[in-house]
Amino acid sequence: MKAVIFGNTLRNEVALFSFKLLEALNRHKVEVLMERDFLMFLRECGYEADQYVNERNLIDYRDYEADLAFSVGGDGKFIHSTAKLGRRSIPMIGVNAGRLGCLTDIDGAQIDDVVQHLVEGDYTLTERPLLHLHTDEKVYTDFTYALNEIAITKQDTASLITIHTWVDGTYLTSYQADGLIVSTATGSTAYAMSVGGPILMPNMPGIIIIPVAPHSLTSRPLIVPDTSVIELQVESRNNRYLIALDGRPNVFDERIKCKIFKSSSRTVKTVKLNNHHFFDTLHEKLHWGADNRKYLKKGYDDDLVSKGD
């Protein structure tokens with residue numbers, strides 16, 4: 001078995017969890033690949049990772065093969081790592097060293113158990129669709145696919161923008177808003193959720209269209225079939241707008257019309273442990289079902305005790 005590890009180089013917790021992961025994989029005789037700059041990061045943090053990763057296992061992300069990929073960091077790193085998989089059909093699992101981590105739902109204390117499950121084959125693979133951005137002018141300069149969302153927002157102006165929207169060739173509406181988010185089910189717990197969008201289970205075949213701060217009380221999130229083609233034409237006071245695919249931004253001239261649709265040829269394979277359910281993520285990350293009042297009361301009582309009352 002061969003595994004590749006991608007990691008965020010901005011947080012010391014990433015180095016700690018990555019070294020624990022290296023130790024666990026080594027115990028199970030799993031060969032490990034990683035990028036040279038990530039190995040340097042582990043060295044700088046004081047971890048002797050060279051004993052587990054030799055020179056021939058340092059990769060250029062354009063030229064490698066593996067059976068499994070780990071992303072250590074937050075959801076942002078997980079999404080960035082999917083671009084490094086390219087067209088390779090390598091399943092990805094995330095170890096959370098960030099904050100919320102709806103995609104990276106394995107924490108550091110679980111690493112040994114998780115590796116044991118993976119080596120024993122006790123997991124399920126899920127296919128997560130990607131959105132594809134198409135423009136006739138080919139002006140987007142980065143990876144033209146998004147796992148979470150494609151966001152259209154205003155650029156260098158406080159004024160609203162108008163986003164004329166068609167679905168499968170039929171006019172939907174013209175949103176006057178700060179922006180518009182087109183999201184996958186995977187992205188429903190990301191940017192879309194933060195502006196009031198619905199949460200979809202990851203395997204649901206839908207695309208969410210949701211305006212950001214719309215200038216209308218009747219504008220609501222809309223879910224369309226994932227077979228739909230969404231066309232967008234923007235009007236802006238400064239004749240430009242910002243488009244970001246999973247946070248990777250470009251500035252477009254307002255004359256550029258966008259088409260967004262589910263990719264027919266690319267997906268991201270993710271690993272789901274058989275003892276873990278999406279609802280567990282809602283409980284653990286979003287605190288669904290938790291009574292926060294008892295935590296507030298405990299904090300109040302602790303504050304009283306500390307003051308001697």
# chains A, B, ... in the order shown; residues from 1 in each chain; ligands from 1
$ closest_atom_pairs --of "segment 14-87 of chain A" --to "segment 125-145 of chain A" --cutoff "12 Å" --atoms "only C-alpha atoms" --output "CSV"
residue,atom,partner,partner_atom,distance
A:Leu68,CA,A:Leu125,CA,11.0
A:Ile79,CA,A:Tyr145,CA,10.6
A:His80,CA,A:Phe143,CA,10.1
A:Ser81,CA,A:Phe143,CA,11.9
A:Thr82,CA,A:Tyr145,CA,10.0
A:Ala83,CA,A:Phe143,CA,7.1
A:Lys84,CA,A:Phe143,CA,9.9
A:Leu85,CA,A:Phe143,CA,11.7
A:Gly86,CA,A:Phe143,CA,9.4
A:Arg87,CA,A:Tyr145,CA,11.6
$ write_last_selection --atoms "N, CA and C atoms" --output "PDB file, in the first residue's frame"
ATOM      1  N   LEU A  68      -3.900   5.900  -1.769  1.00  0.00           N
ATOM      2  CA  LEU A  68      -4.683   6.673  -0.819  1.00  0.00           C
ATOM      3  C   LEU A  68      -4.005   8.021  -0.615  1.00  0.00           C
ATOM      4  N   ILE A  79      -9.517  20.920  -0.022  1.00  0.00           N
ATOM      5  CA  ILE A  79      -9.957  21.317  -1.368  1.00  0.00           C
ATOM      6  C   ILE A  79      -8.754  21.584  -2.263  1.00  0.00           C
ATOM      7  N   HIS A  80      -7.737  22.263  -1.719  1.00  0.00           N
ATOM      8  CA  HIS A  80      -6.525  22.528  -2.495  1.00  0.00           C
ATOM      9  C   HIS A  80      -5.853  21.222  -2.898  1.00  0.00           C
ATOM     10  N   SER A  81      -5.888  20.233  -2.022  1.00  0.00           N
ATOM     11  CA  SER A  81      -5.257  18.944  -2.309  1.00  0.00           C
ATOM     12  C   SER A  81      -5.977  18.195  -3.417  1.00  0.00           C
ATOM     13  N   THR A  82      -7.300  18.381  -3.525  1.00  0.00           N
ATOM     14  CA  THR A  82      -8.025  17.684  -4.587  1.00  0.00           C
ATOM     15  C   THR A  82      -7.537  18.115  -5.963  1.00  0.00           C
ATOM     16  N   ALA A  83      -7.111  19.381  -6.089  1.00  0.00           N
ATOM     17  CA  ALA A  83      -6.575  19.838  -7.367  1.00  0.00           C
ATOM     18  C   ALA A  83      -5.269  19.122  -7.687  1.00  0.00           C
ATOM     19  N   LYS A  84      -4.500  18.768  -6.663  1.00  0.00           N
ATOM     20  CA  LYS A  84      -3.231  18.066  -6.882  1.00  0.00           C
ATOM     21  C   LYS A  84      -3.437  16.603  -7.266  1.00  0.00           C
ATOM     22  N   LEU A  85      -4.628  16.085  -7.007  1.00  0.00           N
ATOM     23  CA  LEU A  85      -4.927  14.730  -7.458  1.00  0.00           C
ATOM     24  C   LEU A  85      -5.121  14.691  -8.974  1.00  0.00           C
ATOM     25  N   GLY A  86      -5.549  15.845  -9.536  1.00  0.00           N
ATOM     26  CA  GLY A  86      -5.755  15.899 -10.979  1.00  0.00           C
ATOM     27  C   GLY A  86      -6.792  14.883 -11.414  1.00  0.00           C
ATOM     28  N   ARG A  87      -6.467  14.114 -12.438  1.00  0.00           N
ATOM     29  CA  ARG A  87      -7.376  13.086 -12.954  1.00  0.00           C
ATOM     30  C   ARG A  87      -7.136  11.723 -12.316  1.00  0.00           C
TER      31      ARG A  87
END
$ residues_around --residues "Thr153 of chain A" --least-positions-apart "6" --cutoff "8 Å" --atoms "only C-alpha atoms" --output "list of chain:residue names"
A:Ile161, A:Asp178, A:Gly179, A:Leu180, A:Tyr241, A:Leu242, A:Ile243
$ closest_residue --among "A:Ser183, A:Ser265, A:Thr124, A:Asn250" --to "Asp226 of chain A" --atoms "only C-alpha atoms"
A:Ser183
$ atom_distance --atom1 "atom CA of Leu25 of chain A" --atom2 "atom CA of Leu58 of chain A"
16.3 Å
$ residues_around --residues "Lys2 of chain A" --least-positions-apart "4" --cutoff "9 Å" --atoms "only C-alpha atoms" --output "list in words"
Val30, Glu31, Val32, Leu33, Glu65, Ala66, Asp67, Leu68 and Ala69 of chain A
$ select_by_dssp --residues "segment 26-267 of chain A" --states "alpha helix (DSSP H)" --output "number ranges by chain"
A: 26-27, 36-44, 75-85, 111-119, 191-194
$ closest_residue --among "A:Val114, A:Ile5, A:Val229, A:Leu147" --to "Ile90 of chain A" --atoms "only C-alpha atoms"
A:Ile5
$ decode --residues "segment 237-249 of chain A" --atoms "N, CA, C and O atoms" --output "CSV table (one decimal), in the first residue's frame"
chain,number,residue,atom,x,y,z
A,237,ARG,N,-21.3,48.2,-11.8
A,237,ARG,CA,-21.0,49.7,-12.0
A,237,ARG,C,-19.6,49.9,-12.4
A,237,ARG,O,-19.4,50.9,-13.2
A,238,ASN,N,-18.7,49.1,-12.0
A,238,ASN,CA,-17.3,49.3,-12.5
A,238,ASN,C,-16.9,48.3,-13.6
A,238,ASN,O,-15.7,48.2,-14.0
A,239,ASN,N,-17.9,47.7,-14.2
A,239,ASN,CA,-17.8,46.8,-15.4
A,239,ASN,C,-16.9,45.6,-15.1
A,239,ASN,O,-16.4,45.0,-16.1
A,240,ARG,N,-16.7,45.2,-13.9
A,240,ARG,CA,-16.0,44.0,-13.5
A,240,ARG,C,-16.7,43.3,-12.4
A,240,ARG,O,-17.5,43.8,-11.7
A,241,TYR,N,-16.3,42.0,-12.3
A,241,TYR,CA,-16.8,41.2,-11.1
A,241,TYR,C,-15.7,40.2,-10.8
A,241,TYR,O,-14.8,39.9,-11.6
A,242,LEU,N,-15.8,39.7,-9.6
A,242,LEU,CA,-14.9,38.7,-9.0
A,242,LEU,C,-15.6,37.3,-9.1
A,242,LEU,O,-16.7,37.2,-8.7
A,243,ILE,N,-14.8,36.3,-9.6
A,243,ILE,CA,-15.3,35.0,-9.6
A,243,ILE,C,-14.3,34.1,-8.9
A,243,ILE,O,-13.1,34.2,-9.2
A,244,ALA,N,-14.8,33.3,-8.0
A,244,ALA,CA,-13.9,32.5,-7.2
A,244,ALA,C,-14.4,31.0,-7.2
A,244,ALA,O,-15.5,30.7,-6.9
A,245,LEU,N,-13.5,30.1,-7.5
A,245,LEU,CA,-13.7,28.7,-7.5
A,245,LEU,C,-13.1,28.1,-6.2
A,245,LEU,O,-11.8,28.1,-6.2
A,246,ASP,N,-13.9,27.7,-5.3
A,246,ASP,CA,-13.3,27.2,-4.0
A,246,ASP,C,-12.3,28.2,-3.4
A,246,ASP,O,-11.3,27.8,-2.9
A,247,GLY,N,-12.6,29.5,-3.6
A,247,GLY,CA,-11.7,30.6,-3.0
A,247,GLY,C,-10.6,31.0,-3.9
A,247,GLY,O,-9.9,31.9,-3.6
A,248,ARG,N,-10.4,30.4,-5.1
A,248,ARG,CA,-9.4,30.8,-6.0
A,248,ARG,C,-9.9,31.9,-6.9
A,248,ARG,O,-10.7,31.6,-7.8
A,249,PRO,N,-9.5,33.2,-6.8
A,249,PRO,CA,-10.2,34.3,-7.5
A,249,PRO,C,-9.6,34.7,-8.8
A,249,PRO,O,-8.4,34.6,-9.0
